[in-house]
>>> print(open('input_3.pdb').read())   # PDB, C-alpha atoms, pLDDT in the B column
ATOM      1  CA  MET X 264      13.046  10.318 -40.584  1.00 46.00           C
ATOM      2  CA  ALA X 265      10.242  10.880 -38.041  1.00 60.00           C
ATOM      3  CA  ASP X 266      11.439   7.869 -36.027  1.00 67.00           C
ATOM      4  CA  ALA X 267      14.984   9.238 -35.967  1.00 66.00           C
ATOM      5  CA  ALA X 268      13.699  12.603 -34.728  1.00 65.00           C
ATOM      6  CA  ARG X 269      11.671  10.897 -31.987  1.00 71.00           C
ATOM      7  CA  ARG X 270      14.652   8.830 -30.866  1.00 80.00           C
ATOM      8  CA  ALA X 271      16.805  11.954 -30.718  1.00 79.00           C
ATOM      9  CA  LEU X 272      14.114  13.740 -28.719  1.00 82.00           C
ATOM     10  CA  VAL X 273      13.818  10.848 -26.263  1.00 84.00           C
ATOM     11  CA  THR X 274      17.610  10.666 -25.862  1.00 86.00           C
ATOM     12  CA  GLN X 275      17.804  14.406 -25.259  1.00 90.00           C
ATOM     13  CA  LEU X 276      14.956  14.547 -22.733  1.00 93.00           C
ATOM     14  CA  ARG X 277      15.456  11.227 -20.903  1.00 95.00           C
ATOM     15  CA  PRO X 278      17.816  12.593 -18.190  1.00 96.00           C
ATOM     16  CA  TYR X 279      15.280  15.327 -17.368  1.00 96.00           C
ATOM     17  CA  LEU X 280      12.442  12.800 -17.190  1.00 97.00           C
ATOM     18  CA  GLU X 281      14.472  10.595 -14.848  1.00 96.00           C
ATOM     19  CA  GLN X 282      15.224  13.588 -12.633  1.00 96.00           C
ATOM     20  CA  LEU X 283      11.529  14.572 -12.476  1.00 97.00           C
ATOM     21  CA  SER X 284      10.518  10.993 -11.681  1.00 96.00           C
ATOM     22  CA  ARG X 285      13.010  10.861  -8.788  1.00 95.00           C
ATOM     23  CA  GLN X 286      11.907  14.277  -7.537  1.00 95.00           C
ATOM     24  CA  MET X 287       8.186  13.458  -7.616  1.00 94.00           C
ATOM     25  CA  ASN X 288       8.604   9.744  -6.900  1.00 93.00           C
ATOM     26  CA  GLU X 289       6.068   9.042  -9.640  1.00 95.00           C
ATOM     27  CA  THR X 290       5.950   7.739 -13.204  1.00 95.00           C
ATOM     28  CA  VAL X 291       6.746  10.346 -15.865  1.00 97.00           C
ATOM     29  CA  ASP X 292       5.554  10.090 -19.462  1.00 96.00           C
ATOM     30  CA  LEU X 293       6.748  11.856 -22.595  1.00 97.00           C
ATOM     31  CA  SER X 294       4.257  12.080 -25.448  1.00 96.00           C
ATOM     32  CA  VAL X 295       3.944  13.709 -28.838  1.00 95.00           C
ATOM     33  CA  LEU X 296       0.898  15.165 -30.531  1.00 95.00           C
ATOM     34  CA  ASP X 297       0.089  12.663 -33.237  1.00 92.00           C
ATOM     35  CA  GLN X 298      -2.741  14.127 -35.350  1.00 90.00           C
ATOM     36  CA  ASN X 299      -5.745  13.771 -33.018  1.00 94.00           C
ATOM     37  CA  GLN X 300      -4.182  11.811 -30.164  1.00 96.00           C
ATOM     38  CA  ALA X 301      -1.325  11.799 -27.663  1.00 97.00           C
ATOM     39  CA  THR X 302       1.199   9.049 -28.346  1.00 95.00           C
ATOM     40  CA  PHE X 303       3.604   7.974 -25.617  1.00 94.00           C
ATOM     41  CA  VAL X 304       7.230   7.910 -26.778  1.00 94.00           C
ATOM     42  CA  ASP X 305       9.036   7.404 -23.460  1.00 95.00           C
ATOM     43  CA  GLN X 306       8.337   6.646 -19.831  1.00 94.00           C
ATOM     44  CA  VAL X 307      10.214   6.524 -16.552  1.00 95.00           C
ATOM     45  CA  VAL X 308       8.355   4.163 -14.228  1.00 93.00           C
ATOM     46  CA  ALA X 309       7.978   4.978 -10.532  1.00 89.00           C
ATOM     47  CA  PRO X 310       9.300   2.508  -7.949  1.00 84.00           C
ATOM     48  CA  HIS X 311       5.917   2.202  -6.230  1.00 77.00           C
ATOM     49  CA  ARG X 312       4.155  -1.112  -6.196  1.00 79.00           C
ATOM     50  CA  LEU X 313       0.907   0.688  -7.049  1.00 74.00           C
ATOM     51  CA  ARG X 314       1.659   2.859 -10.083  1.00 71.00           C
ATOM     52  CA  ALA X 315       0.264   4.155 -13.343  1.00 81.00           C
ATOM     53  CA  VAL X 316       1.989   2.710 -16.397  1.00 76.00           C
ATOM     54  CA  SER X 317       1.093   2.981 -20.098  1.00 83.00           C
ATOM     55  CA  ALA X 318       2.938   1.257 -22.895  1.00 82.00           C
ATOM     56  CA  VAL X 319       5.319   3.298 -25.017  1.00 85.00           C
ATOM     57  CA  GLY X 320       3.675   3.565 -28.425  1.00 81.00           C
ATOM     58  CA  GLU X 321       0.168   3.623 -26.958  1.00 90.00           C
ATOM     59  CA  SER X 322      -2.097   6.526 -27.949  1.00 95.00           C
ATOM     60  CA  PHE X 323      -4.802   8.238 -25.910  1.00 95.00           C
ATOM     61  CA  PRO X 324      -7.549  10.721 -26.782  1.00 96.00           C
ATOM     62  CA  LEU X 325      -6.816  14.397 -26.191  1.00 98.00           C
ATOM     63  CA  HIS X 326      -9.952  15.547 -24.360  1.00 98.00           C
ATOM     64  CA  CYS X 327      -9.590  13.325 -21.285  1.00 97.00           C
ATOM     65  CA  THR X 328      -5.870  13.112 -20.507  1.00 98.00           C
ATOM     66  CA  ALA X 329      -3.501  15.609 -18.904  1.00 98.00           C
ATOM     67  CA  ASN X 330      -1.033  15.491 -21.776  1.00 98.00           C
ATOM     68  CA  GLY X 331      -3.876  15.676 -24.298  1.00 98.00           C
ATOM     69  CA  LYS X 332      -5.401  18.745 -22.681  1.00 98.00           C
ATOM     70  CA  ALA X 333      -1.949  20.343 -22.530  1.00 98.00           C
ATOM     71  CA  PHE X 334      -1.666  19.752 -26.293  1.00 98.00           C
ATOM     72  CA  LEU X 335      -5.145  21.165 -26.927  1.00 98.00           C
ATOM     73  CA  ALA X 336      -4.343  24.287 -24.886  1.00 98.00           C
ATOM     74  CA  ALA X 337      -1.168  24.830 -26.932  1.00 97.00           C
ATOM     75  CA  LEU X 338      -3.081  24.795 -30.220  1.00 95.00           C
ATOM     76  CA  GLU X 339      -4.880  27.757 -31.707  1.00 92.00           C
ATOM     77  CA  PRO X 340      -8.553  27.601 -30.645  1.00 87.00           C
ATOM     78  CA  ASP X 341      -9.699  27.402 -34.261  1.00 90.00           C
ATOM     79  CA  ALA X 342      -7.674  24.172 -34.658  1.00 92.00           C
ATOM     80  CA  LEU X 343      -9.736  22.309 -32.043  1.00 92.00           C
ATOM     81  CA  PRO X 344     -12.442  21.106 -34.469  1.00 90.00           C
ATOM     82  CA  THR X 345      -9.731  19.441 -36.574  1.00 92.00           C
ATOM     83  CA  VAL X 346      -8.359  17.369 -33.671  1.00 94.00           C
ATOM     84  CA  LEU X 347     -11.445  16.718 -31.538  1.00 95.00           C
ATOM     85  CA  PRO X 348     -14.223  14.305 -32.460  1.00 93.00           C
ATOM     86  CA  PRO X 349     -17.689  15.817 -33.084  1.00 91.00           C
ATOM     87  CA  ALA X 350     -18.858  14.323 -29.770  1.00 94.00           C
ATOM     88  CA  LEU X 351     -16.495  13.904 -26.813  1.00 97.00           C
ATOM     89  CA  PRO X 352     -16.888  10.291 -25.645  1.00 97.00           C
ATOM     90  CA  ALA X 353     -17.088   9.527 -21.932  1.00 97.00           C
ATOM     91  CA  LEU X 354     -14.441   7.011 -20.913  1.00 97.00           C
ATOM     92  CA  THR X 355     -15.372   7.286 -17.209  1.00 98.00           C
ATOM     93  CA  SER X 356     -18.065   9.059 -15.238  1.00 98.00           C
ATOM     94  CA  HIS X 357     -15.555  11.922 -14.738  1.00 98.00           C
ATOM     95  CA  THR X 358     -14.808  12.572 -18.427  1.00 98.00           C
ATOM     96  CA  VAL X 359     -15.617  16.071 -19.667  1.00 96.00           C
ATOM     97  CA  THR X 360     -17.989  15.560 -22.596  1.00 97.00           C
ATOM     98  CA  SER X 361     -19.137  19.148 -23.100  1.00 95.00           C
ATOM     99  CA  LEU X 362     -17.123  21.187 -25.592  1.00 94.00           C
ATOM    100  CA  GLU X 363     -18.049  24.317 -23.649  1.00 94.00           C
ATOM    101  CA  SER X 364     -16.662  22.873 -20.386  1.00 96.00           C
ATOM    102  CA  LEU X 365     -13.528  21.628 -22.137  1.00 97.00           C
ATOM    103  CA  THR X 366     -12.974  25.033 -23.764  1.00 95.00           C
ATOM    104  CA  GLU X 367     -13.185  26.722 -20.351  1.00 96.00           C
ATOM    105  CA  GLU X 368     -10.775  24.175 -18.889  1.00 97.00           C
ATOM    106  CA  LEU X 369      -8.323  24.815 -21.751  1.00 97.00           C
ATOM    107  CA  ARG X 370      -8.453  28.548 -21.013  1.00 97.00           C
ATOM    108  CA  ILE X 371      -7.354  27.772 -17.448  1.00 97.00           C
ATOM    109  CA  VAL X 372      -4.622  25.437 -18.726  1.00 98.00           C
ATOM    110  CA  ARG X 373      -3.282  28.233 -20.954  1.00 97.00           C
ATOM    111  CA  GLU X 374      -3.131  30.559 -17.943  1.00 97.00           C
ATOM    112  CA  SER X 375      -1.616  28.071 -15.478  1.00 97.00           C
ATOM    113  CA  GLY X 376       0.559  26.021 -17.824  1.00 97.00           C
ATOM    114  CA  VAL X 377      -0.710  22.771 -16.294  1.00 98.00           C
ATOM    115  CA  ALA X 378      -3.485  20.390 -17.346  1.00 98.00           C
ATOM    116  CA  TYR X 379      -5.186  17.794 -15.182  1.00 98.00           C
ATOM    117  CA  ASP X 380      -6.771  14.403 -15.673  1.00 98.00           C
ATOM    118  CA  ARG X 381      -8.960  13.694 -12.660  1.00 98.00           C
ATOM    119  CA  GLU X 382      -9.933  10.076 -13.381  1.00 98.00           C
ATOM    120  CA  GLU X 383     -11.258  11.132 -16.791  1.00 98.00           C
ATOM    121  CA  HIS X 384      -9.458   8.545 -18.891  1.00 97.00           C
ATOM    122  CA  THR X 385      -9.241   5.707 -16.361  1.00 96.00           C
ATOM    123  CA  ASP X 386     -10.992   5.302 -13.022  1.00 97.00           C
ATOM    124  CA  GLY X 387      -8.465   5.486 -10.202  1.00 96.00           C
ATOM    125  CA  ILE X 388      -5.759   7.247 -12.247  1.00 96.00           C
ATOM    126  CA  CYS X 389      -5.062  10.993 -12.230  1.00 97.00           C
ATOM    127  CA  ALA X 390      -2.306  13.065 -13.832  1.00 97.00           C
ATOM    128  CA  VAL X 391      -0.793  16.487 -14.349  1.00 98.00           C
ATOM    129  CA  GLY X 392       0.648  17.450 -17.718  1.00 98.00           C
ATOM    130  CA  SER X 393       2.311  20.294 -19.551  1.00 98.00           C
ATOM    131  CA  VAL X 394       3.633  21.048 -23.019  1.00 98.00           C
ATOM    132  CA  LEU X 395       7.344  21.625 -23.499  1.00 96.00           C
ATOM    133  CA  HIS X 396       7.899  24.608 -25.769  1.00 92.00           C
ATOM    134  CA  ASN X 397      11.264  25.367 -27.411  1.00 85.00           C
ATOM    135  CA  VAL X 398      11.869  21.671 -28.019  1.00 84.00           C
ATOM    136  CA  PRO X 399      12.780  20.792 -31.598  1.00 80.00           C
ATOM    137  CA  GLY X 400      10.459  18.529 -33.540  1.00 79.00           C
ATOM    138  CA  PRO X 401       6.809  17.729 -32.908  1.00 83.00           C
ATOM    139  CA  LEU X 402       4.778  19.239 -30.078  1.00 92.00           C
ATOM    140  CA  VAL X 403       5.694  17.303 -26.914  1.00 96.00           C
ATOM    141  CA  ALA X 404       4.168  17.032 -23.456  1.00 97.00           C
ATOM    142  CA  VAL X 405       5.269  15.627 -20.147  1.00 98.00           C
ATOM    143  CA  SER X 406       2.700  14.071 -17.846  1.00 98.00           C
ATOM    144  CA  VAL X 407       2.888  12.564 -14.394  1.00 97.00           C
ATOM    145  CA  PRO X 408       0.186   9.905 -13.876  1.00 96.00           C
ATOM    146  CA  MET X 409      -0.494   8.327 -10.508  1.00 96.00           C
ATOM    147  CA  PRO X 410      -3.115   6.479  -8.522  1.00 96.00           C
ATOM    148  CA  ALA X 411      -5.881   8.833  -7.409  1.00 97.00           C
ATOM    149  CA  GLN X 412      -5.102   8.348  -3.724  1.00 95.00           C
ATOM    150  CA  ARG X 413      -1.653   9.943  -4.213  1.00 95.00           C
ATOM    151  CA  PHE X 414      -3.070  12.775  -6.353  1.00 97.00           C
ATOM    152  CA  TYR X 415      -5.949  14.401  -4.520  1.00 97.00           C
ATOM    153  CA  GLY X 416      -4.809  17.047  -2.074  1.00 96.00           C
ATOM    154  CA  ARG X 417      -1.419  17.349  -3.826  1.00 95.00           C
ATOM    155  CA  GLU X 418      -2.554  19.057  -7.033  1.00 96.00           C
ATOM    156  CA  ASP X 419      -0.896  22.412  -6.254  1.00 95.00           C
ATOM    157  CA  ASP X 420       2.444  20.830  -5.300  1.00 96.00           C
ATOM    158  CA  LEU X 421       2.378  18.570  -8.360  1.00 96.00           C
ATOM    159  CA  ALA X 422       1.580  21.504 -10.642  1.00 97.00           C
ATOM    160  CA  GLU X 423       4.355  23.633  -9.150  1.00 97.00           C
ATOM    161  CA  ALA X 424       6.918  20.838  -9.563  1.00 96.00           C
ATOM    162  CA  LEU X 425       5.836  20.338 -13.174  1.00 97.00           C
ATOM    163  CA  ARG X 426       6.005  24.077 -13.961  1.00 97.00           C
ATOM    164  CA  ALA X 427       9.531  24.252 -12.475  1.00 97.00           C
ATOM    165  CA  PHE X 428      10.526  21.213 -14.557  1.00 96.00           C
ATOM    166  CA  VAL X 429       9.189  22.803 -17.753  1.00 97.00           C
ATOM    167  CA  GLN X 430      11.094  26.041 -17.076  1.00 96.00           C
ATOM    168  CA  ARG X 431      14.312  24.084 -16.438  1.00 95.00           C
ATOM    169  CA  VAL X 432      14.004  22.031 -19.632  1.00 94.00           C
ATOM    170  CA  GLU X 433      12.979  24.982 -21.808  1.00 93.00           C
ATOM    171  CA  LYS X 434      15.920  27.027 -20.522  1.00 92.00           C
ATOM    172  CA  ALA X 435      18.309  24.130 -21.239  1.00 90.00           C
ATOM    173  CA  MET X 436      16.868  23.759 -24.768  1.00 86.00           C
ATOM    174  CA  GLU X 437      17.520  27.455 -25.470  1.00 83.00           C
ATOM    175  CA  ALA X 438      21.214  27.096 -24.628  1.00 72.00           C
TER
END
>>> encode(input="input_3.pdb", output="structure tokens")
Amino acid sequence: MADAARRALVTQLRPYLEQLSRQMNETVDLSVLDQNQATFVDQVVAPHRLRAVSAVGESFPLHCTANGKAFLAALEPDALPTVLPPALPALTSHTVTSLESLTEELRIVRESGVAYDREEHTDGICAVGSVLHNVPGPLVAVSVPMPAQRFYGREDDLAEALRAFVQRVEKAMEA
């Protein structure tokens, strides 16, 4: 039953993901919160030769990815100990490993609606991510990963495009 719900979700959201990928000219990922990790359920790959691609079905930790931080920000603060490990492992030299720093970052994500991965999961790869509310089924997030050289200096534009996308999809889901 869960697989059928995921397939329906992917089918429903795929045209929006394709549109966002064309608009941003970057890869777009759709993930679901899967206990204590973000699991990729769909992806639209950018046409660039140099691009960020993860396998559908792959799972990443929450504390060091844009989609993961978007999930964490959407949860009640008292739920964080149930989904985060006791110690936040460093995957790169940029990974936030302090719970206090992560908590402050999540406060900002709640206010702005956008989470960032600044080479925290993988050196050379950055991303923006946001949760889609009003979507039936599990908690879902959209993230836009890219090589770091196409990310830095564009954060505000990327965040604005992602916020506009989220508003468009949420409005369509209400109809």
>>> residues_around(input="input_3.pdb", residues="region 416-425 of chain X", least_positions_apart="6", cutoff="10 Å", atoms="all atoms listed in the file", output="number ranges by chain")
X: 283, 286-287, 375-379, 389-393, 405-407, 431
>>> closest_residue(input="input_3.pdb", among="X:Asp292, X:Glu281, X:Glu368, X:Asp297", to="Gly400 (chain X)", atoms="all atoms listed in the file")
X:Asp297
>>> closest_residue(input="input_3.pdb", among="X:Ala301, X:Ala337, X:Ala435, X:Leu293", to="Phe323 (chain X)", atoms="all atoms listed in the file")
X:Ala301
>>> closest_residue(input="input_3.pdb", among="X:Val291, X:Gly331, X:Arg373, X:Thr366", to="Ser317 (chain X)", atoms="all atoms listed in the file")
X:Val291
>>> residues_around(input="input_3.pdb", residues="Ala411 (chain X)", least_positions_apart="3", cutoff="6 Å", atoms="all atoms listed in the file", output="VMD selection string")
chain X and resid 387 to 389 414
>>> closest_residue(input="input_3.pdb", among="X:Leu354, X:Ala427, X:Val319, X:Leu335", to="Ile371 (chain X)", atoms="all atoms listed in the file")
X:Leu335
>>> atom_distance(input="input_3.pdb", atom1="CA of Ala309 (chain X)", atom2="CA of Ser322 (chain X)")
20.2 Å
>>> closest_residue(input="input_3.pdb", among="X:Ala350, X:Ala404, X:Val398, X:Ala329", to="Val432 (chain X)", atoms="all atoms listed in the file")
X:Val398
>>> closest_residue(input="input_3.pdb", among="X:Val273, X:Met409, X:Leu296, X:Leu343", to="Leu313 (chain X)", atoms="all atoms listed in the file")
X:Met409
>>> residues_around(input="input_3.pdb", residues="Glu433 (chain X)", least_positions_apart="2", cutoff="7 Å", atoms="all atoms listed in the file", output="PDB file with C-alpha atoms, in the coordinates of the input")
ATOM      1  CA  LEU X 395       7.344  21.625 -23.499  1.00 96.00           C
ATOM      2  CA  HIS X 396       7.899  24.608 -25.769  1.00 92.00           C
ATOM      3  CA  ASN X 397      11.264  25.367 -27.411  1.00 85.00           C
ATOM      4  CA  VAL X 429       9.189  22.803 -17.753  1.00 97.00           C
ATOM      5  CA  GLN X 430      11.094  26.041 -17.076  1.00 96.00           C
ATOM      6  CA  ARG X 431      14.312  24.084 -16.438  1.00 95.00           C
ATOM      7  CA  ALA X 435      18.309  24.130 -21.239  1.00 90.00           C
ATOM      8  CA  MET X 436      16.868  23.759 -24.768  1.00 86.00           C
ATOM      9  CA  GLU X 437      17.520  27.455 -25.470  1.00 83.00           C
TER      10      GLU X 437
END
>>> atom_distance(input="input_3.pdb", atom1="CA of Glu383 (chain X)", atom2="CA of Pro408 (chain X)")
11.9 Å
>>> atom_distance(input="input_3.pdb", atom1="CA of Arg270 (chain X)", atom2="CA of Val307 (chain X)")
15.2 Å
>>> resolve_selection(input="input_3.pdb", expression="the PyMOL selection byres ((chain X and resi 384) around 7)", output="number ranges by chain")
X: 327-328, 354-355, 358, 382-383, 385-386
>>> decode(input="input_3.pdb", residues="region 377-411 of chain X", atoms="N, CA and C atoms", output="mmCIF file, in the first residue's frame")
data_model
loop_
_atom_site.group_PDB
_atom_site.id
_atom_site.type_symbol
_atom_site.label_atom_id
_atom_site.label_comp_id
_atom_site.auth_asym_id
_atom_site.auth_seq_id
_atom_site.Cartn_x
_atom_site.Cartn_y
_atom_site.Cartn_z
ATOM 1 N N VAL X 377 12.997 27.682 3.301
ATOM 2 C CA VAL X 377 14.010 27.056 2.453
ATOM 3 C C VAL X 377 15.197 26.608 3.307
ATOM 4 N N ALA X 378 15.664 25.395 3.033
ATOM 5 C CA ALA X 378 16.843 24.845 3.706
ATOM 6 C C ALA X 378 17.986 24.752 2.711
ATOM 7 N N TYR X 379 19.195 24.791 3.234
ATOM 8 C CA TYR X 379 20.389 24.741 2.390
ATOM 9 C C TYR X 379 21.314 23.604 2.810
ATOM 10 N N ASP X 380 21.994 23.076 1.828
ATOM 11 C CA ASP X 380 23.122 22.163 2.028
ATOM 12 C C ASP X 380 24.286 22.837 1.313
ATOM 13 N N ARG X 381 25.226 23.322 2.084
ATOM 14 C CA ARG X 381 26.399 24.003 1.530
ATOM 15 C C ARG X 381 27.613 23.075 1.663
ATOM 16 N N GLU X 382 27.635 22.067 0.791
ATOM 17 C CA GLU X 382 28.704 21.061 0.764
ATOM 18 C C GLU X 382 28.798 20.309 2.083
ATOM 19 N N GLU X 383 27.678 20.087 2.732
ATOM 20 C CA GLU X 383 27.649 19.409 4.029
ATOM 21 C C GLU X 383 27.548 17.898 3.910
ATOM 22 N N HIS X 384 26.910 17.428 2.855
ATOM 23 C CA HIS X 384 26.785 15.991 2.647
ATOM 24 C C HIS X 384 27.889 15.475 1.729
ATOM 25 N N THR X 385 28.209 16.249 0.696
ATOM 26 C CA THR X 385 29.210 15.856 -0.286
ATOM 27 C C THR X 385 30.004 17.093 -0.698
ATOM 28 N N ASP X 386 31.319 16.998 -0.642
ATOM 29 C CA ASP X 386 32.146 18.111 -1.104
ATOM 30 C C ASP X 386 31.834 18.411 -2.566
ATOM 31 N N GLY X 387 31.660 19.693 -2.866
ATOM 32 C CA GLY X 387 31.414 20.107 -4.243
ATOM 33 C C GLY X 387 29.964 20.135 -4.651
ATOM 34 N N ILE X 388 29.058 19.678 -3.783
ATOM 35 C CA ILE X 388 27.622 19.655 -4.090
ATOM 36 C C ILE X 388 26.865 20.483 -3.055
ATOM 37 N N CYS X 389 26.009 21.369 -3.549
ATOM 38 C CA CYS X 389 25.148 22.194 -2.694
ATOM 39 C C CYS X 389 23.702 21.971 -3.123
ATOM 40 N N ALA X 390 22.758 22.443 -2.312
ATOM 41 C CA ALA X 390 21.348 22.274 -2.657
ATOM 42 C C ALA X 390 20.480 23.239 -1.871
ATOM 43 N N VAL X 391 19.293 23.479 -2.415
ATOM 44 C CA VAL X 391 18.216 24.150 -1.689
ATOM 45 C C VAL X 391 17.085 23.138 -1.594
ATOM 46 N N GLY X 392 16.294 23.225 -0.531
ATOM 47 C CA GLY X 392 15.200 22.277 -0.365
ATOM 48 C C GLY X 392 14.063 22.871 0.430
ATOM 49 N N SER X 393 12.885 22.329 0.223
ATOM 50 C CA SER X 393 11.694 22.794 0.924
ATOM 51 C C SER X 393 10.671 21.668 1.012
ATOM 52 N N VAL X 394 9.910 21.683 2.093
ATOM 53 C CA VAL X 394 8.832 20.714 2.276
ATOM 54 C C VAL X 394 7.607 21.187 1.507
ATOM 55 N N LEU X 395 6.887 20.229 0.944
ATOM 56 C CA LEU X 395 5.602 20.513 0.312
ATOM 57 C C LEU X 395 4.508 20.138 1.307
ATOM 58 N N HIS X 396 3.782 21.136 1.775
ATOM 59 C CA HIS X 396 2.646 20.883 2.656
ATOM 60 C C HIS X 396 1.412 20.668 1.788
ATOM 61 N N ASN X 397 0.340 20.208 2.359
ATOM 62 C CA ASN X 397 -0.928 19.990 1.643
ATOM 63 C C ASN X 397 -0.820 18.924 0.557
ATOM 64 N N VAL X 398 0.169 18.066 0.654
ATOM 65 C CA VAL X 398 0.311 16.969 -0.290
ATOM 66 C C VAL X 398 -0.091 15.702 0.451
ATOM 67 N N PRO X 399 -1.001 14.919 -0.128
ATOM 68 C CA PRO X 399 -1.438 13.716 0.582
ATOM 69 C C PRO X 399 -0.308 12.704 0.744
ATOM 70 N N GLY X 400 -0.375 11.958 1.837
ATOM 71 C CA GLY X 400 0.616 10.912 2.066
ATOM 72 C C GLY X 400 1.701 11.355 3.017
ATOM 73 N N PRO X 401 2.882 10.760 2.875
ATOM 74 C CA PRO X 401 3.985 11.066 3.795
ATOM 75 C C PRO X 401 4.494 12.492 3.577
ATOM 76 N N LEU X 402 5.266 12.978 4.530
ATOM 77 C CA LEU X 402 5.900 14.288 4.402
ATOM 78 C C LEU X 402 6.887 14.224 3.240
ATOM 79 N N VAL X 403 6.759 15.183 2.296
ATOM 80 C CA VAL X 403 7.612 15.184 1.104
ATOM 81 C C VAL X 403 8.385 16.494 1.005
ATOM 82 N N ALA X 404 9.541 16.414 0.366
ATOM 83 C CA ALA X 404 10.364 17.602 0.138
ATOM 84 C C ALA X 404 10.879 17.582 -1.288
ATOM 85 N N VAL X 405 11.098 18.781 -1.792
ATOM 86 C CA VAL X 405 11.723 18.956 -3.096
ATOM 87 C C VAL X 405 13.075 19.608 -2.841
ATOM 88 N N SER X 406 14.097 19.109 -3.498
ATOM 89 C CA SER X 406 15.418 19.723 -3.377
ATOM 90 C C SER X 406 16.028 19.877 -4.767
ATOM 91 N N VAL X 407 16.893 20.869 -4.863
ATOM 92 C CA VAL X 407 17.562 21.172 -6.121
ATOM 93 C C VAL X 407 19.064 21.150 -5.850
ATOM 94 N N PRO X 408 19.714 20.009 -6.120
ATOM 95 C CA PRO X 408 21.164 19.902 -5.904
ATOM 96 C C PRO X 408 21.921 20.360 -7.146
ATOM 97 N N MET X 409 23.127 20.852 -6.920
ATOM 98 C CA MET X 409 23.945 21.299 -8.050
ATOM 99 C C MET X 409 25.407 21.389 -7.625
ATOM 100 N N PRO X 410 26.291 21.422 -8.606
ATOM 101 C CA PRO X 410 27.695 21.643 -8.273
ATOM 102 C C PRO X 410 27.850 22.990 -7.572
ATOM 103 N N ALA X 411 28.773 23.044 -6.637
ATOM 104 C CA ALA X 411 28.965 24.253 -5.821
ATOM 105 C C ALA X 411 29.222 25.495 -6.668
#
